[in-house]
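A short write-up of the structure that comes next.
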Amino acid sequence: MGSARFLFDRILEPCVVTYNAIITGYVRNCQPNEALSLFRELQMQDIKPTDVTMLGLLSACALLGSLDLGKWIHEYVKENGFDEYVKVNTALIDMYAKCGSLEDAVSVFESMAFRDPQAWSAMIMAYAIHGHGNRAISLFEEMTRARVRPDKITFIGLLYACNHSGLVEEGYKYFYGMRNKYGINPGIKHYGCMLDMLGRAGHLEDAYRFIEELPVKPTPILWRTLLAACSSHGNIELGKRVIERIFELDESHSGDYVIFSNMCARARRGADVTYLRKLMKERGVVKVPGCSLIEVNNVVHEFFSGDGTRMEYRELHEAVDKLVEELKLVGYVPDTSLVFHSDMEDGEKESSLRYHSEKLAIAFGLLNTPPGTTIRVVKNLRVCGDCHSAAKFISFIFGRQIILRDVKRFHHFEGGKCSCGDYW
Ligand code: ZN
Ligand code: ZN
């Protein structure tokens with residue numbers, strides 16, 4: 001992107017095509033804010049955007065999880081007649097789903113006069129990531145009745161739906177059906193969905209065999225899916241076999257060390273935890289800091305885990321302290337077993353958990369939005385068990401819906417429960 005920008009800045013009279021190229025580039029490289037600021041620049045220069053510009057902007061919003069901004073772009077789309085493009089509508093569905101508003105995604109889908117397979121797939125995926133497995137399946141059935149041919153992406157949505165709603169039998173049916181009925185060969189993502197589904201249902205040994213029998217060489221991501229399942233089910237023996245397979249392929253991913261070491265910590269295997277930390281150090285693996293975003297009044301605020309030294313955080317830390325005390329009164333117990341650094345004192349462990357980025361973002365939302373408003377947070381890593389539990393309590397005692405999108409899925413917290421059913 002650096003080189004692309006260097007060239008872009010040297011074009012004397014950029015036109016909409018040049019802008020589209022650089023905006024799309026930024027989106028593909030996960031730099032949504034850069035993409036949005038270039039759009040503002042384009043507007044100031046009185047250049048008329050095209051449907052391609054809209055696709056870039058909507059993807060940028062989806063990356064940011066910014067619903068207000070997404071709604072503003074939707075208005076812009078309507079005012080400028082871009083809602084005639086099937087692809088723009090499909091991007092709107094995707095954006096709304098990823099920004100946590102399933103209702104808006106549905107209303108865009110229903111308003112479409114013509115739907116191509118991508119539009120159907122986007123809507124199926126929208127239901128899937130919001131945990132409505134059965135609605136995704138019935139939409140798929142409707143799609144086939146309408147004689148629209150499903151593609152690879154449709155099946156990713158469908159399998160994802162089965163997996164996140166615990167529909168194992170249906171999952172198998174569609175997985176085999178995709179090749180036998182539609183002639184589509186499954187790819188890595190389909191395998192990943194199947195694995196996740198088997199793992200969720202507790203069929204861990206089946207899942208292990210499933211990977212070993214794949215016609216392709218498994219990627220570390222596939223093994224990681226199984227590692228996460230071992231962690232959820234507390235199967236440390238299989239977890240150990242799995243992490244060895246991961247290390248054969250890739251030793252550089254900090255998340256693997258963290259997951260396995262948390263498993264060991266929970267099983268009170270302190271020596272293993274220490275060993276893993278040593279391995280990480282020797283191999284030069286650096287932990288990715290947790291980062292959560294929250295949008296309040298059209299401004300996106302960014303919080304990093306545990307960054308207690310920053311002045312502007314002090315007030316927020318005090319608010320979190322107060323919040324945690326309130327939560328404890330209604331039964332919340334900080335889960336200190338999850339803290340990676342096993343040699344910390346319990347008090348220290350609790351405070352490092354307490355200032356996780358998602359807790360900071362949720363507390364910020366509580367302080368800065370009117371009562372009753374939904375709190376929407378986007379996190380760069382998987383949500384940790386302790387923050388998940390805290391969010392459930394917060395949704396209950398403050399009567400707030402919290403929608404947290406982590407790197408894997410959505411969590412809708414309401415009335416003390418989460419839509420994921422405590423499996424993620
Ligand atoms: Zn946490
Ligand atoms: Zn959840």
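Ordering of the structure tokens sets the chain letters (A, B, ...), residue numbers begin anew at 1 in every chain, and ligands are numbered from 1 in the order given.
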Any residue with an atom at most 12 Å from ligand 1 counts, using only C-alpha atoms and all ligand atoms. Which are they? Put them as JSON, numbers by chain. {"A": [289, 290, 291, 292, 304, 305, 306, 334, 335, 336, 337, 338, 339, 340, 349, 350, 351, 352, 353, 354, 355, 356, 357, 358, 359, 360, 361, 362, 379, 380, 381, 382, 383, 384, 385, 386, 387, 388, 389, 390, 391, 406]}
For the selection you just gave me, I'd like the residues written to a file as a short mmCIF file (atom, residue, chain, number, x, y, z; two decimals), in the first residue's frame, keeping C-alpha atoms.
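Below is the file that was written, out_10.cif:
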data_model
loop_
_atom_site.label_atom_id
_atom_site.label_comp_id
_atom_site.auth_asym_id
_atom_site.auth_seq_id
_atom_site.Cartn_x
_atom_site.Cartn_y
_atom_site.Cartn_z
CA PRO A 289 -2.31 -6.85 21.86
CA GLY A 290 -6.08 -6.99 22.20
CA CYS A 291 -7.80 -4.01 20.65
CA SER A 292 -11.48 -3.09 20.73
CA PHE A 304 -5.91 -1.51 23.86
CA SER A 305 -5.72 -4.11 26.60
CA GLY A 306 -4.04 -3.23 29.83
CA PRO A 334 -13.25 -12.84 37.72
CA ASP A 335 -11.83 -15.93 36.01
CA THR A 336 -8.19 -15.51 36.90
CA SER A 337 -7.29 -19.02 35.70
CA LEU A 338 -7.31 -17.66 32.16
CA VAL A 339 -4.48 -15.23 32.63
CA PHE A 340 -1.53 -16.26 30.57
CA LYS A 349 -3.93 -11.29 37.53
CA GLU A 350 -7.28 -9.80 38.30
CA SER A 351 -6.22 -6.30 37.39
CA SER A 352 -4.69 -7.37 34.07
CA LEU A 353 -7.97 -9.13 33.21
CA ARG A 354 -9.95 -6.17 34.35
CA TYR A 355 -8.48 -3.82 31.76
CA HIS A 356 -8.95 -6.03 28.74
CA SER A 357 -9.78 -3.91 25.70
CA GLU A 358 -13.35 -5.19 25.39
CA LYS A 359 -14.12 -4.32 29.01
CA LEU A 360 -12.69 -0.85 28.49
CA ALA A 361 -14.78 -0.37 25.36
CA ILE A 362 -17.99 -1.62 27.00
CA LYS A 379 -12.52 -6.78 18.81
CA ASN A 380 -9.44 -7.88 16.86
CA LEU A 381 -9.02 -11.22 18.70
CA ARG A 382 -11.38 -13.79 20.15
CA VAL A 383 -13.26 -12.55 23.18
CA CYS A 384 -11.86 -14.05 26.38
CA GLY A 385 -13.98 -16.09 28.76
CA ASP A 386 -13.84 -13.54 31.53
CA CYS A 387 -14.92 -10.58 29.38
CA HIS A 388 -17.67 -12.79 27.97
CA SER A 389 -18.93 -13.50 31.45
CA ALA A 390 -18.68 -9.84 32.50
CA ALA A 391 -20.62 -8.77 29.39
CA ASP A 406 -14.80 -10.69 17.72
#
Could you list, as a ChimeraX atom specification, every residue within 9 Å of Ile294 (chain A), counting only C-alpha atoms and ignoring same-chain residues fewer than 2 positions away? /A:65-66,292,296,299-303,361-362,364-365,375-378
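With only C-alpha atoms and all ligand atoms counted, the chains near ligand 2 contribute these residues within 6 Å: A:His411, A:Cys418, A:Ser419, A:Cys420, A:Asp422.
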Which polymer residues have any atom within 12 Å of an atom of Asp104 (chain A), counting only C-alpha atoms, with same-chain residues fewer than 2 positions away left out, as an mmCIF file with all heavy atoms, in the first residue's frame?
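Saved file out.cif follows:
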data_model
loop_
_atom_site.group_PDB
_atom_site.id
_atom_site.type_symbol
_atom_site.label_atom_id
_atom_site.label_comp_id
_atom_site.auth_asym_id
_atom_site.auth_seq_id
_atom_site.Cartn_x
_atom_site.Cartn_y
_atom_site.Cartn_z
ATOM 1 N N LEU A 67 -21.995 1.154 12.399
ATOM 2 C CA LEU A 67 -23.368 1.143 11.892
ATOM 3 C C LEU A 67 -23.832 2.542 11.483
ATOM 4 O O LEU A 67 -24.462 2.710 10.443
ATOM 5 C CB LEU A 67 -24.313 0.551 12.943
ATOM 6 C CG LEU A 67 -25.767 0.381 12.501
ATOM 7 C CD1 LEU A 67 -25.892 -0.544 11.316
ATOM 8 C CD2 LEU A 67 -26.623 -0.137 13.656
ATOM 9 N N GLY A 70 -22.355 3.392 8.272
ATOM 10 C CA GLY A 70 -22.956 2.540 7.250
ATOM 11 C C GLY A 70 -24.321 3.064 6.836
ATOM 12 O O GLY A 70 -24.656 3.081 5.654
ATOM 13 N N LYS A 71 -25.111 3.514 7.810
ATOM 14 C CA LYS A 71 -26.441 4.049 7.498
ATOM 15 C C LYS A 71 -26.330 5.322 6.680
ATOM 16 O O LYS A 71 -27.116 5.573 5.777
ATOM 17 C CB LYS A 71 -27.204 4.339 8.796
ATOM 18 C CG LYS A 71 -27.673 3.063 9.452
ATOM 19 C CD LYS A 71 -28.759 3.320 10.469
ATOM 20 C CE LYS A 71 -29.440 2.012 10.795
ATOM 21 N NZ LYS A 71 -30.152 2.017 12.061
ATOM 22 N N HIS A 74 -25.590 4.347 3.240
ATOM 23 C CA HIS A 74 -26.818 3.807 2.639
ATOM 24 C C HIS A 74 -27.702 4.953 2.114
ATOM 25 O O HIS A 74 -28.238 4.887 1.013
ATOM 26 C CB HIS A 74 -27.570 2.970 3.669
ATOM 27 C CG HIS A 74 -28.690 2.160 3.081
ATOM 28 N ND1 HIS A 74 -29.502 1.368 3.846
ATOM 29 C CD2 HIS A 74 -29.134 2.034 1.805
ATOM 30 C CE1 HIS A 74 -30.404 0.776 3.063
ATOM 31 N NE2 HIS A 74 -30.196 1.178 1.819
ATOM 32 N N ASN A 89 -26.222 -3.480 -3.360
ATOM 33 C CA ASN A 89 -27.167 -4.008 -2.371
ATOM 34 C C ASN A 89 -26.574 -5.173 -1.599
ATOM 35 O O ASN A 89 -26.782 -5.309 -0.398
ATOM 36 C CB ASN A 89 -28.465 -4.428 -3.059
ATOM 37 C CG ASN A 89 -29.311 -3.224 -3.406
ATOM 38 O OD1 ASN A 89 -29.480 -2.319 -2.599
ATOM 39 N ND2 ASN A 89 -29.817 -3.188 -4.630
ATOM 40 N N LEU A 92 -24.385 -3.873 0.903
ATOM 41 C CA LEU A 92 -25.170 -3.304 2.011
ATOM 42 C C LEU A 92 -25.599 -4.403 2.993
ATOM 43 O O LEU A 92 -25.531 -4.234 4.209
ATOM 44 C CB LEU A 92 -26.415 -2.593 1.478
ATOM 45 C CG LEU A 92 -26.219 -1.164 0.958
ATOM 46 C CD1 LEU A 92 -27.423 -0.732 0.127
ATOM 47 C CD2 LEU A 92 -25.998 -0.187 2.114
ATOM 48 N N ILE A 93 -26.039 -5.541 2.437
ATOM 49 C CA ILE A 93 -26.451 -6.665 3.292
ATOM 50 C C ILE A 93 -25.274 -7.102 4.161
ATOM 51 O O ILE A 93 -25.389 -7.253 5.380
ATOM 52 C CB ILE A 93 -26.934 -7.863 2.435
ATOM 53 C CG1 ILE A 93 -28.202 -7.486 1.680
ATOM 54 C CG2 ILE A 93 -27.170 -9.102 3.303
ATOM 55 C CD1 ILE A 93 -28.647 -8.522 0.659
ATOM 56 N N ASP A 94 -24.125 -7.252 3.512
ATOM 57 C CA ASP A 94 -22.915 -7.686 4.215
ATOM 58 C C ASP A 94 -22.526 -6.664 5.291
ATOM 59 O O ASP A 94 -22.222 -7.030 6.429
ATOM 60 C CB ASP A 94 -21.804 -7.829 3.169
ATOM 61 C CG ASP A 94 -20.490 -8.245 3.781
ATOM 62 O OD1 ASP A 94 -20.452 -9.368 4.321
ATOM 63 O OD2 ASP A 94 -19.518 -7.471 3.741
ATOM 64 N N MET A 95 -22.571 -5.391 4.927
ATOM 65 C CA MET A 95 -22.207 -4.343 5.882
ATOM 66 C C MET A 95 -23.143 -4.365 7.093
ATOM 67 O O MET A 95 -22.701 -4.379 8.233
ATOM 68 C CB MET A 95 -22.246 -2.972 5.177
ATOM 69 C CG MET A 95 -21.933 -1.769 6.049
ATOM 70 S SD MET A 95 -23.324 -1.164 7.035
ATOM 71 C CE MET A 95 -24.418 -0.499 5.789
ATOM 72 N N TYR A 96 -24.464 -4.381 6.841
ATOM 73 C CA TYR A 96 -25.409 -4.368 7.955
ATOM 74 C C TYR A 96 -25.221 -5.588 8.854
ATOM 75 O O TYR A 96 -25.265 -5.498 10.073
ATOM 76 C CB TYR A 96 -26.848 -4.293 7.455
ATOM 77 C CG TYR A 96 -27.297 -2.876 7.160
ATOM 78 C CD1 TYR A 96 -27.866 -2.535 5.945
ATOM 79 C CD2 TYR A 96 -27.138 -1.879 8.127
ATOM 80 C CE1 TYR A 96 -28.270 -1.231 5.677
ATOM 81 C CE2 TYR A 96 -27.544 -0.566 7.867
ATOM 82 C CZ TYR A 96 -28.105 -0.255 6.639
ATOM 83 O OH TYR A 96 -28.498 1.023 6.389
ATOM 84 N N ALA A 97 -25.006 -6.748 8.228
ATOM 85 C CA ALA A 97 -24.821 -7.955 9.027
ATOM 86 C C ALA A 97 -23.583 -7.808 9.910
ATOM 87 O O ALA A 97 -23.617 -8.103 11.102
ATOM 88 C CB ALA A 97 -24.696 -9.172 8.130
ATOM 89 N N LYS A 98 -22.490 -7.323 9.324
ATOM 90 C CA LYS A 98 -21.254 -7.225 10.096
ATOM 91 C C LYS A 98 -21.275 -6.088 11.104
ATOM 92 O O LYS A 98 -20.500 -6.086 12.048
ATOM 93 C CB LYS A 98 -20.060 -7.083 9.159
ATOM 94 C CG LYS A 98 -19.801 -8.384 8.418
ATOM 95 C CD LYS A 98 -18.564 -8.336 7.581
ATOM 96 C CE LYS A 98 -18.348 -9.697 6.921
ATOM 97 N NZ LYS A 98 -17.704 -9.552 5.622
ATOM 98 N N CYS A 99 -22.151 -5.091 10.884
ATOM 99 C CA CYS A 99 -22.265 -4.014 11.858
ATOM 100 C C CYS A 99 -23.323 -4.354 12.913
ATOM 101 O O CYS A 99 -23.677 -3.517 13.736
ATOM 102 C CB CYS A 99 -22.598 -2.698 11.183
ATOM 103 S SG CYS A 99 -21.244 -2.091 10.165
ATOM 104 N N GLY A 100 -23.855 -5.558 12.869
ATOM 105 C CA GLY A 100 -24.731 -6.014 13.947
ATOM 106 C C GLY A 100 -26.207 -5.727 13.753
ATOM 107 O O GLY A 100 -26.989 -5.928 14.668
ATOM 108 N N SER A 101 -26.620 -5.239 12.577
ATOM 109 C CA SER A 101 -28.049 -4.997 12.395
ATOM 110 C C SER A 101 -28.645 -5.955 11.364
ATOM 111 O O SER A 101 -28.690 -5.675 10.166
ATOM 112 C CB SER A 101 -28.306 -3.550 11.966
ATOM 113 O OG SER A 101 -29.688 -3.398 11.726
ATOM 114 N N LEU A 102 -29.127 -7.081 11.868
ATOM 115 C CA LEU A 102 -29.707 -8.091 10.985
ATOM 116 C C LEU A 102 -30.983 -7.556 10.332
ATOM 117 O O LEU A 102 -31.238 -7.808 9.160
ATOM 118 C CB LEU A 102 -29.997 -9.363 11.792
ATOM 119 C CG LEU A 102 -30.513 -10.552 10.992
ATOM 120 C CD1 LEU A 102 -29.514 -10.994 9.946
ATOM 121 C CD2 LEU A 102 -30.843 -11.718 11.920
ATOM 122 N N VAL A 106 -31.946 -7.635 6.354
ATOM 123 C CA VAL A 106 -33.148 -8.274 5.816
ATOM 124 C C VAL A 106 -33.931 -7.283 4.961
ATOM 125 O O VAL A 106 -34.385 -7.613 3.869
ATOM 126 C CB VAL A 106 -34.048 -8.809 6.954
ATOM 127 C CG1 VAL A 106 -35.379 -9.309 6.411
ATOM 128 C CG2 VAL A 106 -33.345 -9.927 7.711
ATOM 129 N N SER A 107 -34.056 -6.038 5.428
ATOM 130 C CA SER A 107 -34.884 -5.117 4.671
ATOM 131 C C SER A 107 -34.238 -4.750 3.335
ATOM 132 O O SER A 107 -34.955 -4.569 2.352
ATOM 133 C CB SER A 107 -35.306 -3.904 5.518
ATOM 134 O OG SER A 107 -34.401 -2.872 5.372
ATOM 135 N N VAL A 108 -32.913 -4.683 3.275
ATOM 136 C CA VAL A 108 -32.255 -4.459 1.974
ATOM 137 C C VAL A 108 -32.532 -5.653 1.057
ATOM 138 O O VAL A 108 -32.942 -5.499 -0.096
ATOM 139 C CB VAL A 108 -30.725 -4.265 2.130
ATOM 140 C CG1 VAL A 108 -30.047 -4.261 0.757
ATOM 141 C CG2 VAL A 108 -30.412 -2.980 2.883
ATOM 142 N N PHE A 109 -32.348 -6.856 1.600
ATOM 143 C CA PHE A 109 -32.539 -8.067 0.794
ATOM 144 C C PHE A 109 -33.957 -8.123 0.244
ATOM 145 O O PHE A 109 -34.172 -8.404 -0.932
ATOM 146 C CB PHE A 109 -32.242 -9.305 1.649
ATOM 147 C CG PHE A 109 -32.363 -10.609 0.906
ATOM 148 C CD1 PHE A 109 -31.394 -10.990 -0.010
ATOM 149 C CD2 PHE A 109 -33.448 -11.458 1.118
ATOM 150 C CE1 PHE A 109 -31.498 -12.191 -0.713
ATOM 151 C CE2 PHE A 109 -33.556 -12.659 0.430
ATOM 152 C CZ PHE A 109 -32.579 -13.028 -0.487
ATOM 153 N N GLU A 110 -34.940 -7.809 1.099
ATOM 154 C CA GLU A 110 -36.334 -7.912 0.662
ATOM 155 C C GLU A 110 -36.693 -6.847 -0.357
ATOM 156 O O GLU A 110 -37.607 -7.032 -1.147
ATOM 157 C CB GLU A 110 -37.261 -7.876 1.880
ATOM 158 C CG GLU A 110 -37.208 -9.223 2.587
ATOM 159 C CD GLU A 110 -38.065 -9.310 3.826
ATOM 160 O OE1 GLU A 110 -38.510 -8.250 4.318
ATOM 161 O OE2 GLU A 110 -38.267 -10.448 4.304
ATOM 162 N N SER A 111 -35.970 -5.722 -0.322
ATOM 163 C CA SER A 111 -36.294 -4.650 -1.270
ATOM 164 C C SER A 111 -35.665 -4.876 -2.649
ATOM 165 O O SER A 111 -35.946 -4.142 -3.587
ATOM 166 C CB SER A 111 -35.804 -3.312 -0.725
ATOM 167 O OG SER A 111 -34.386 -3.283 -0.803
ATOM 168 N N MET A 123 -27.082 -12.950 2.246
ATOM 169 C CA MET A 123 -28.170 -12.990 3.227
ATOM 170 C C MET A 123 -28.105 -14.267 4.068
ATOM 171 O O MET A 123 -28.349 -14.236 5.277
ATOM 172 C CB MET A 123 -29.517 -12.865 2.500
ATOM 173 C CG MET A 123 -30.669 -12.537 3.431
ATOM 174 S SD MET A 123 -30.427 -10.961 4.295
ATOM 175 C CE MET A 123 -30.768 -11.447 5.969
ATOM 176 N N ALA A 126 -25.531 -13.689 6.523
ATOM 177 C CA ALA A 126 -25.988 -12.746 7.547
ATOM 178 C C ALA A 126 -26.759 -13.494 8.641
ATOM 179 O O ALA A 126 -26.518 -13.305 9.834
ATOM 180 C CB ALA A 126 -26.867 -11.665 6.916
ATOM 181 N N TYR A 127 -27.680 -14.367 8.232
ATOM 182 C CA TYR A 127 -28.410 -15.168 9.220
ATOM 183 C C TYR A 127 -27.442 -16.045 10.013
ATOM 184 O O TYR A 127 -27.556 -16.179 11.227
ATOM 185 C CB TYR A 127 -29.433 -16.073 8.528
ATOM 186 C CG TYR A 127 -30.713 -15.375 8.137
ATOM 187 C CD1 TYR A 127 -31.255 -15.516 6.868
ATOM 188 C CD2 TYR A 127 -31.409 -14.601 9.069
ATOM 189 C CE1 TYR A 127 -32.431 -14.886 6.508
ATOM 190 C CE2 TYR A 127 -32.589 -13.964 8.720
ATOM 191 C CZ TYR A 127 -33.095 -14.105 7.441
ATOM 192 O OH TYR A 127 -34.262 -13.490 7.096
#
Residue set, region 117-313 of chain A restricted to strand (DSSP E or B), as an NGL selection string: :A and (291-296 or 299-304)
For Phe155 (chain A): contacts at 10 Å, only C-alpha atoms, fewer than 5 positions along chain excluded, given as a VMD selection string: chain A and resid 121 124 to 125 140 150 160 to 161 171 174 to 175 177 to 178 184 186 189 to 190 193
Do a neighbour search on region 271-277 of chain A at 7 Å with only C-alpha atoms, toss out local chain neighbours closer than 5 positions, and write the hits as a ChimeraX atom specification. /A:257,261,264-265,342
Produce a file of the selected residues containing C-alpha atoms, as a PDB file, in the first residue's frame.
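Dumped everything to selection-v2.pdb:
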ATOM      1  CA  TYR A 257       0.494 -20.539  22.706  1.00  0.00           C
ATOM      2  CA  SER A 261      -1.323 -22.315  27.885  1.00  0.00           C
ATOM      3  CA  CYS A 264      -2.873 -25.862  30.995  1.00  0.00           C
ATOM      4  CA  ALA A 265      -3.467 -23.076  33.490  1.00  0.00           C
ATOM      5  CA  SER A 342       0.932 -17.925  35.565  1.00  0.00           C
TER       6      SER A 342
END
To test your reading of the structure, identify every residue in region 121-354 of chain A that backbone DSSP assigns to helix (DSSP H, G or I), and report it as a ChimeraX atom specification. /A:121-129,133-145,152-164,168-180,188-200,204-212,220-233,236-249,254-266,270-282,311-329,336-338,346-354
Kindly indicate which residue among A:Arg147, A:Arg115, A:His233, A:Arg135 lies nearest to Ala267 (chain A), using only C-alpha atoms for the distances. A:His233
Find, counting only C-alpha atoms, the residue in A:Arg28, A:Lys173, A:Arg283, A:His164 that gets nearest to Lys408 (chain A). A:His164
So that I can check the surroundings of Gly234 (chain A), please list as a list in words every protein, DNA and RNA residue that reaches within 9 Å of it, counting only C-alpha atoms and ignoring chain neighbours fewer than 3 positions away. Ala229, Cys230, Ser231, Glu237, Gly239, Met263, Arg266 and Ala267 of chain A
Using the selection just defined, write its residues with C-alpha atoms as a PDB file, in the first residue's frame.
ATOM      1  CA  ALA A 229     -12.612 -26.986  20.345  1.00  0.00           C
ATOM      2  CA  CYS A 230     -10.220 -28.930  22.595  1.00  0.00           C
ATOM      3  CA  SER A 231      -9.968 -25.833  24.729  1.00  0.00           C
ATOM      4  CA  GLU A 237      -4.445 -34.602  25.828  1.00  0.00           C
ATOM      5  CA  GLY A 239      -5.007 -30.455  22.563  1.00  0.00           C
ATOM      6  CA  MET A 263      -5.869 -24.793  28.924  1.00  0.00           C
ATOM      7  CA  ARG A 266      -7.080 -24.126  33.923  1.00  0.00           C
ATOM      8  CA  ALA A 267      -5.936 -27.701  34.525  1.00  0.00           C
TER       9      ALA A 267
END
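Candidate residues A:Tyr19, A:Trp120, A:Phe210, A:Phe410 were compared for distance to Pro49 (chain A), and the nearest is A:Tyr19, using only C-alpha atoms.
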Spatial neighbours of region 251-254 of chain A, 10 Å, only C-alpha atoms, chain gap at least 5 places, as a ChimeraX atom specification: /A:220,243-244,246,259,279-280,283-288
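You will find CA of Val86 (chain A) at 28.4 Å from CA of Asn163 (chain A).
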